[in-house]
Amino acid sequence: MRFLFPWALFLLIFPLALGIFALRREPSLLGRVLTLAFLVLAGSQPELSLRRVQEEVVFVVDRSASVGDLGSQAFWELAGTAAGRGAKVGVVLFAGNPAVARVPSPGLPRGLETLADLEPEQSDLGAALDLASALIRERGQIVLITDGRDTGQGLWGAVSRIRARGIPIQVFPVGESDPVRIISLRAPSRAPPGQ
């Protein structure tokens, strides 16, 4: 049991003092004192939780060619922490297609395999995030393990839908270093307006 306004419980001192007085001198006031005590107790807004809502953490692991096995390695590092604090752990693997490897359940999965063809040449972050948010029932969060390269079209729509539900998204960047680098850039120091 918890109280929304626990400081209001200090007001029980007054009914307690009146109760002691009523028992000694006026027993007929005892009913009123009990009513006052229950009003103070109700004013503190007690809450009794009959079931414990367990947090759900859905890991969205990028399995595209640009990430390789780095996503799986990062998952095992991060998932142990979530499972250690008692959260249900779910896993969505994605590349061009997302697939559920595990619905949110207590403990850690045995492995990260799926029978679906993920199309490793692509990377559809939006579809993976939509699938992950569908797995969260009550209270949870999404941990996105990716290099951030998106070849799909629905990333921002998925993010806005997840945000509307109030589900936080944590991003853990992994992946190969980008082989393209800018060594030098030459451009005019001024450009006419409109060009």
# chains A, B, ... in the order shown; residues from 1 in each chain; ligands from 1

call {"tool": "closest_atom_pairs", "arguments": {"of": "region 14-111 of chain A", "to": "region 121-125 of chain A", "cutoff": "8 Å", "atoms": "only C-alpha atoms", "output": "CSV"}}
result
residue,atom,partner,partner_atom,distance
A:Asp62,CA,A:Ser123,CA,7.7
A:Ser64,CA,A:Ser123,CA,6.1
A:Ala65,CA,A:Glu121,CA,6.0
A:Phe94,CA,A:Ser123,CA,7.1
A:Ala95,CA,A:Ser123,CA,4.3
A:Gly96,CA,A:Gln122,CA,4.2
A:Asn97,CA,A:Asp124,CA,6.6
A:Pro98,CA,A:Asp124,CA,7.7

call {"tool": "select_by_dssp", "arguments": {"residues": "chain A", "states": "alpha helix (DSSP H)", "output": "NGL selection string"}}
result
:A and (13-24 or 30-43 or 70-84 or 125-135 or 155-165)

call {"tool": "write_last_selection", "arguments": {"atoms": "C-alpha atoms", "output": "PDB file, in the first residue's frame"}}
result
ATOM      1  CA  ILE A  13      -2.406  13.071  15.530  1.00  0.00           C
ATOM      2  CA  PHE A  14      -5.535  15.171  16.122  1.00  0.00           C
ATOM      3  CA  PRO A  15      -8.097  12.312  15.974  1.00  0.00           C
ATOM      4  CA  LEU A  16      -5.754  10.212  18.120  1.00  0.00           C
ATOM      5  CA  ALA A  17      -5.585  12.926  20.783  1.00  0.00           C
ATOM      6  CA  LEU A  18      -9.362  13.423  20.638  1.00  0.00           C
ATOM      7  CA  GLY A  19      -9.852   9.652  20.862  1.00  0.00           C
ATOM      8  CA  ILE A  20      -7.825   9.464  24.063  1.00  0.00           C
ATOM      9  CA  PHE A  21      -9.875  12.359  25.459  1.00  0.00           C
ATOM     10  CA  ALA A  22     -13.161  10.718  24.363  1.00  0.00           C
ATOM     11  CA  LEU A  23     -12.326   7.387  25.998  1.00  0.00           C
ATOM     12  CA  ARG A  24     -11.666   9.085  29.323  1.00  0.00           C
ATOM     13  CA  LEU A  30     -15.758   8.040  19.938  1.00  0.00           C
ATOM     14  CA  GLY A  31     -17.841   7.539  16.757  1.00  0.00           C
ATOM     15  CA  ARG A  32     -17.138  11.086  15.604  1.00  0.00           C
ATOM     16  CA  VAL A  33     -13.432  10.700  16.324  1.00  0.00           C
ATOM     17  CA  LEU A  34     -13.304   7.505  14.249  1.00  0.00           C
ATOM     18  CA  THR A  35     -15.113   9.296  11.413  1.00  0.00           C
ATOM     19  CA  LEU A  36     -12.553  12.103  11.559  1.00  0.00           C
ATOM     20  CA  ALA A  37      -9.690   9.580  11.499  1.00  0.00           C
ATOM     21  CA  PHE A  38     -11.154   7.848   8.419  1.00  0.00           C
ATOM     22  CA  LEU A  39     -11.561  11.203   6.667  1.00  0.00           C
ATOM     23  CA  VAL A  40      -7.897  12.032   7.296  1.00  0.00           C
ATOM     24  CA  LEU A  41      -6.913   8.573   6.047  1.00  0.00           C
ATOM     25  CA  ALA A  42      -9.035   9.030   2.913  1.00  0.00           C
ATOM     26  CA  GLY A  43      -7.471  12.459   2.365  1.00  0.00           C
ATOM     27  CA  LEU A  70      28.069  -6.130 -33.667  1.00  0.00           C
ATOM     28  CA  GLY A  71      24.330  -5.746 -33.021  1.00  0.00           C
ATOM     29  CA  SER A  72      24.087  -9.188 -31.419  1.00  0.00           C
ATOM     30  CA  GLN A  73      27.134  -8.532 -29.243  1.00  0.00           C
ATOM     31  CA  ALA A  74      25.654  -5.255 -28.036  1.00  0.00           C
ATOM     32  CA  PHE A  75      22.339  -6.997 -27.300  1.00  0.00           C
ATOM     33  CA  TRP A  76      23.963  -9.533 -24.956  1.00  0.00           C
ATOM     34  CA  GLU A  77      25.740  -6.738 -23.095  1.00  0.00           C
ATOM     35  CA  LEU A  78      22.578  -4.664 -22.643  1.00  0.00           C
ATOM     36  CA  ALA A  79      20.001  -7.424 -22.114  1.00  0.00           C
ATOM     37  CA  GLY A  80      21.740  -8.769 -19.014  1.00  0.00           C
ATOM     38  CA  THR A  81      21.172  -5.451 -17.259  1.00  0.00           C
ATOM     39  CA  ALA A  82      17.458  -5.369 -18.150  1.00  0.00           C
ATOM     40  CA  ALA A  83      16.873  -8.973 -17.090  1.00  0.00           C
ATOM     41  CA  GLY A  84      18.863  -8.362 -13.896  1.00  0.00           C
ATOM     42  CA  LEU A 125      13.889   0.948 -39.095  1.00  0.00           C
ATOM     43  CA  GLY A 126      10.247   2.101 -39.251  1.00  0.00           C
ATOM     44  CA  ALA A 127       8.792  -1.388 -39.711  1.00  0.00           C
ATOM     45  CA  ALA A 128      11.007  -2.757 -36.922  1.00  0.00           C
ATOM     46  CA  LEU A 129       9.937  -0.024 -34.490  1.00  0.00           C
ATOM     47  CA  ASP A 130       6.246  -0.556 -35.332  1.00  0.00           C
ATOM     48  CA  LEU A 131       6.601  -4.272 -34.636  1.00  0.00           C
ATOM     49  CA  ALA A 132       8.433  -3.618 -31.364  1.00  0.00           C
ATOM     50  CA  SER A 133       5.785  -1.182 -30.126  1.00  0.00           C
ATOM     51  CA  ALA A 134       3.077  -3.743 -30.883  1.00  0.00           C
ATOM     52  CA  LEU A 135       4.787  -6.154 -28.449  1.00  0.00           C
ATOM     53  CA  LEU A 155      10.765   5.788 -39.785  1.00  0.00           C
ATOM     54  CA  TRP A 156       9.325   9.158 -38.731  1.00  0.00           C
ATOM     55  CA  GLY A 157       5.748   7.879 -38.816  1.00  0.00           C
ATOM     56  CA  ALA A 158       6.708   4.971 -36.552  1.00  0.00           C
ATOM     57  CA  VAL A 159       8.550   7.278 -34.155  1.00  0.00           C
ATOM     58  CA  SER A 160       5.551   9.620 -33.893  1.00  0.00           C
ATOM     59  CA  ARG A 161       3.166   6.694 -33.197  1.00  0.00           C
ATOM     60  CA  ILE A 162       5.475   5.346 -30.503  1.00  0.00           C
ATOM     61  CA  ARG A 163       5.860   8.797 -29.006  1.00  0.00           C
ATOM     62  CA  ALA A 164       2.063   9.224 -28.918  1.00  0.00           C
ATOM     63  CA  ARG A 165       1.835   6.049 -26.820  1.00  0.00           C
TER      64      ARG A 165
END

call {"tool": "atom_distance", "arguments": {"atom1": "CA of Ile145 (chain A)", "atom2": "CA of Phe59 (chain A)"}}
result
7.3 Å

call {"tool": "select_by_dssp", "arguments": {"residues": "region 46-99 of chain A", "states": "strand (DSSP E)", "output": "list in words"}}
result
Pro46, Glu47, Glu56, Val57, Val58, Phe59, Val60, Val61, Asp62, Lys88, Val89, Gly90, Val91, Val92, Leu93, Phe94, Pro98 and Ala99 of chain A

call {"tool": "write_last_selection", "arguments": {"atoms": "all heavy atoms", "output": "compact mmCIF listing (two decimals), in the first residue's frame"}}
result
# COMPACT_ATOMS: atom_id res chain seq x y z
N PRO A 46 -4.94 6.62 -0.10
CA PRO A 46 -4.23 5.33 -0.13
C PRO A 46 -4.49 4.58 -1.43
O PRO A 46 -5.56 4.68 -2.01
CB PRO A 46 -4.82 4.58 1.07
CG PRO A 46 -6.17 5.18 1.26
CD PRO A 46 -6.06 6.62 0.83
N GLU A 47 -3.47 3.88 -1.90
CA GLU A 47 -3.58 3.06 -3.11
C GLU A 47 -3.09 1.66 -2.79
O GLU A 47 -2.01 1.50 -2.22
CB GLU A 47 -2.73 3.63 -4.24
CG GLU A 47 -3.20 4.96 -4.75
CD GLU A 47 -2.31 5.50 -5.87
OE1 GLU A 47 -1.26 4.89 -6.14
OE2 GLU A 47 -2.67 6.53 -6.45
N GLU A 56 8.53 -4.03 -19.49
CA GLU A 56 8.89 -4.78 -20.69
C GLU A 56 9.93 -3.98 -21.47
O GLU A 56 9.74 -2.79 -21.71
CB GLU A 56 7.67 -5.03 -21.56
CG GLU A 56 6.60 -5.84 -20.87
CD GLU A 56 5.31 -5.93 -21.67
OE1 GLU A 56 5.03 -5.03 -22.47
OE2 GLU A 56 4.60 -6.91 -21.47
N VAL A 57 11.02 -4.63 -21.83
CA VAL A 57 12.05 -3.99 -22.65
C VAL A 57 12.16 -4.81 -23.94
O VAL A 57 12.48 -5.99 -23.90
CB VAL A 57 13.41 -3.95 -21.92
CG1 VAL A 57 14.46 -3.30 -22.81
CG2 VAL A 57 13.30 -3.22 -20.60
N VAL A 58 11.85 -4.15 -25.05
CA VAL A 58 11.95 -4.82 -26.35
C VAL A 58 13.20 -4.29 -27.04
O VAL A 58 13.33 -3.10 -27.31
CB VAL A 58 10.70 -4.58 -27.21
CG1 VAL A 58 10.87 -5.23 -28.58
CG2 VAL A 58 9.46 -5.10 -26.52
N PHE A 59 14.14 -5.20 -27.29
CA PHE A 59 15.37 -4.85 -27.99
C PHE A 59 15.14 -5.02 -29.49
O PHE A 59 14.69 -6.08 -29.94
CB PHE A 59 16.51 -5.76 -27.53
CG PHE A 59 16.98 -5.46 -26.15
CD1 PHE A 59 16.40 -6.09 -25.06
CD2 PHE A 59 17.98 -4.54 -25.92
CE1 PHE A 59 16.82 -5.81 -23.77
CE2 PHE A 59 18.41 -4.25 -24.64
CZ PHE A 59 17.82 -4.89 -23.56
N VAL A 60 15.43 -3.98 -30.24
CA VAL A 60 15.31 -4.00 -31.70
C VAL A 60 16.74 -4.05 -32.24
O VAL A 60 17.46 -3.06 -32.17
CB VAL A 60 14.54 -2.77 -32.21
CG1 VAL A 60 14.39 -2.82 -33.71
CG2 VAL A 60 13.19 -2.67 -31.53
N VAL A 61 17.13 -5.23 -32.74
CA VAL A 61 18.53 -5.48 -33.10
C VAL A 61 18.68 -5.49 -34.62
O VAL A 61 18.04 -6.27 -35.32
CB VAL A 61 19.01 -6.84 -32.51
CG1 VAL A 61 20.48 -7.05 -32.84
CG2 VAL A 61 18.77 -6.87 -31.01
N ASP A 62 19.53 -4.61 -35.11
CA ASP A 62 19.82 -4.51 -36.53
C ASP A 62 20.70 -5.68 -36.96
O ASP A 62 21.76 -5.90 -36.40
CB ASP A 62 20.53 -3.18 -36.80
CG ASP A 62 20.60 -2.81 -38.27
OD1 ASP A 62 20.44 -3.70 -39.12
OD2 ASP A 62 20.82 -1.62 -38.55
N LYS A 88 10.86 -7.90 -18.30
CA LYS A 88 10.63 -8.90 -19.34
C LYS A 88 11.38 -8.45 -20.59
O LYS A 88 11.29 -7.29 -20.98
CB LYS A 88 9.14 -9.01 -19.65
CG LYS A 88 8.32 -9.58 -18.54
CD LYS A 88 6.87 -9.67 -18.97
CE LYS A 88 6.00 -10.22 -17.88
NZ LYS A 88 4.59 -10.25 -18.29
N VAL A 89 12.11 -9.35 -21.21
CA VAL A 89 12.94 -9.02 -22.36
C VAL A 89 12.32 -9.60 -23.62
O VAL A 89 12.03 -10.80 -23.69
CB VAL A 89 14.38 -9.56 -22.17
CG1 VAL A 89 15.21 -9.31 -23.42
CG2 VAL A 89 15.03 -8.91 -20.96
N GLY A 90 12.12 -8.73 -24.62
CA GLY A 90 11.64 -9.15 -25.93
C GLY A 90 12.67 -8.76 -26.97
O GLY A 90 13.47 -7.85 -26.75
N VAL A 91 12.66 -9.45 -28.12
CA VAL A 91 13.66 -9.19 -29.17
C VAL A 91 12.98 -9.14 -30.53
O VAL A 91 12.22 -10.05 -30.88
CB VAL A 91 14.77 -10.26 -29.18
CG1 VAL A 91 15.81 -9.93 -30.24
CG2 VAL A 91 15.41 -10.41 -27.83
N VAL A 92 13.27 -8.07 -31.27
CA VAL A 92 12.88 -7.96 -32.67
C VAL A 92 14.16 -7.83 -33.48
O VAL A 92 14.97 -6.95 -33.23
CB VAL A 92 11.97 -6.72 -32.91
CG1 VAL A 92 11.76 -6.51 -34.40
CG2 VAL A 92 10.65 -6.88 -32.20
N LEU A 93 14.36 -8.76 -34.41
CA LEU A 93 15.50 -8.70 -35.33
C LEU A 93 15.02 -8.07 -36.63
O LEU A 93 13.90 -8.33 -37.06
CB LEU A 93 16.05 -10.09 -35.59
CG LEU A 93 16.49 -10.90 -34.37
CD1 LEU A 93 16.92 -12.29 -34.78
CD2 LEU A 93 17.61 -10.20 -33.63
N PHE A 94 15.85 -7.24 -37.24
CA PHE A 94 15.42 -6.63 -38.49
C PHE A 94 16.60 -6.35 -39.40
O PHE A 94 17.74 -6.24 -38.98
CB PHE A 94 14.65 -5.33 -38.23
CG PHE A 94 15.52 -4.14 -37.93
CD1 PHE A 94 15.84 -3.24 -38.93
CD2 PHE A 94 16.02 -3.94 -36.66
CE1 PHE A 94 16.64 -2.15 -38.65
CE2 PHE A 94 16.82 -2.85 -36.38
CZ PHE A 94 17.14 -1.95 -37.38
N PRO A 98 11.36 -7.00 -40.56
CA PRO A 98 11.48 -7.28 -39.13
C PRO A 98 10.87 -8.64 -38.79
O PRO A 98 9.99 -9.13 -39.50
CB PRO A 98 10.67 -6.16 -38.49
CG PRO A 98 9.62 -5.85 -39.50
CD PRO A 98 10.25 -6.10 -40.85
N ALA A 99 11.35 -9.25 -37.72
CA ALA A 99 10.81 -10.53 -37.26
C ALA A 99 10.94 -10.59 -35.74
O ALA A 99 11.94 -10.14 -35.18
CB ALA A 99 11.55 -11.70 -37.89

call {"tool": "closest_residue", "arguments": {"among": "A:Ser66, A:Arg25, A:Gly166, A:Leu9", "to": "Asp150 (chain A)", "atoms": "only C-alpha atoms"}}
result
A:Ser66

call {"tool": "closest_residue", "arguments": {"among": "A:Val174, A:Ala101, A:Leu48, A:Leu29", "to": "Val67 (chain A)", "atoms": "only C-alpha atoms"}}
result
A:Val174

call {"tool": "atom_distance", "arguments": {"atom1": "CA of Ile142 (chain A)", "atom2": "CA of Asp117 (chain A)"}}
result
22.6 Å

call {"tool": "atom_distance", "arguments": {"atom1": "CA of Phe5 (chain A)", "atom2": "CA of Ser44 (chain A)"}}
result
4.6 Å

call {"tool": "decode", "arguments": {"residues": "region 94-107 of chain A", "atoms": "N, CA, C and O atoms", "output": "compact mmCIF listing (two decimals), in the first residue's frame"}}
result
# COMPACT_ATOMS: atom_id res chain seq x y z
N PHE A 94 15.85 -7.24 -37.24
CA PHE A 94 15.42 -6.63 -38.49
C PHE A 94 16.60 -6.35 -39.40
O PHE A 94 17.74 -6.24 -38.98
N ALA A 95 16.28 -6.28 -40.65
CA ALA A 95 17.14 -5.76 -41.71
C ALA A 95 16.14 -5.14 -42.69
O ALA A 95 15.51 -4.15 -42.34
N GLY A 96 15.93 -5.76 -43.83
CA GLY A 96 14.88 -5.28 -44.74
C GLY A 96 13.51 -5.63 -44.23
O GLY A 96 12.54 -4.92 -44.48
N ASN A 97 13.39 -6.74 -43.49
CA ASN A 97 12.14 -7.18 -42.88
C ASN A 97 12.35 -7.36 -41.38
O ASN A 97 13.39 -7.85 -40.97
N PRO A 98 11.36 -7.00 -40.56
CA PRO A 98 11.48 -7.28 -39.13
C PRO A 98 10.87 -8.64 -38.79
O PRO A 98 9.99 -9.13 -39.50
N ALA A 99 11.35 -9.25 -37.72
CA ALA A 99 10.81 -10.53 -37.26
C ALA A 99 10.94 -10.59 -35.74
O ALA A 99 11.94 -10.14 -35.18
N VAL A 100 9.93 -11.16 -35.10
CA VAL A 100 9.97 -11.32 -33.65
C VAL A 100 10.78 -12.56 -33.32
O VAL A 100 10.45 -13.66 -33.74
N ALA A 101 11.86 -12.36 -32.59
CA ALA A 101 12.67 -13.50 -32.14
C ALA A 101 12.20 -13.97 -30.77
O ALA A 101 12.36 -15.14 -30.43
N ARG A 102 11.60 -13.06 -29.99
CA ARG A 102 11.10 -13.43 -28.67
C ARG A 102 10.12 -12.37 -28.19
O ARG A 102 10.43 -11.18 -28.21
N VAL A 103 8.94 -12.79 -27.75
CA VAL A 103 8.00 -11.86 -27.13
C VAL A 103 8.51 -11.54 -25.72
O VAL A 103 9.29 -12.32 -25.16
N PRO A 104 8.13 -10.40 -25.13
CA PRO A 104 8.64 -10.07 -23.80
C PRO A 104 8.32 -11.14 -22.77
O PRO A 104 7.16 -11.49 -22.54
N SER A 105 9.37 -11.72 -22.20
CA SER A 105 9.28 -12.80 -21.22
C SER A 105 10.37 -12.60 -20.18
O SER A 105 11.39 -11.98 -20.46
N PRO A 106 10.19 -13.16 -18.98
CA PRO A 106 11.26 -13.05 -17.98
C PRO A 106 12.52 -13.80 -18.43
O PRO A 106 12.46 -14.78 -19.15
N GLY A 107 13.66 -13.32 -17.99
CA GLY A 107 14.94 -13.97 -18.31
C GLY A 107 15.47 -13.54 -19.66
O GLY A 107 14.96 -12.65 -20.31
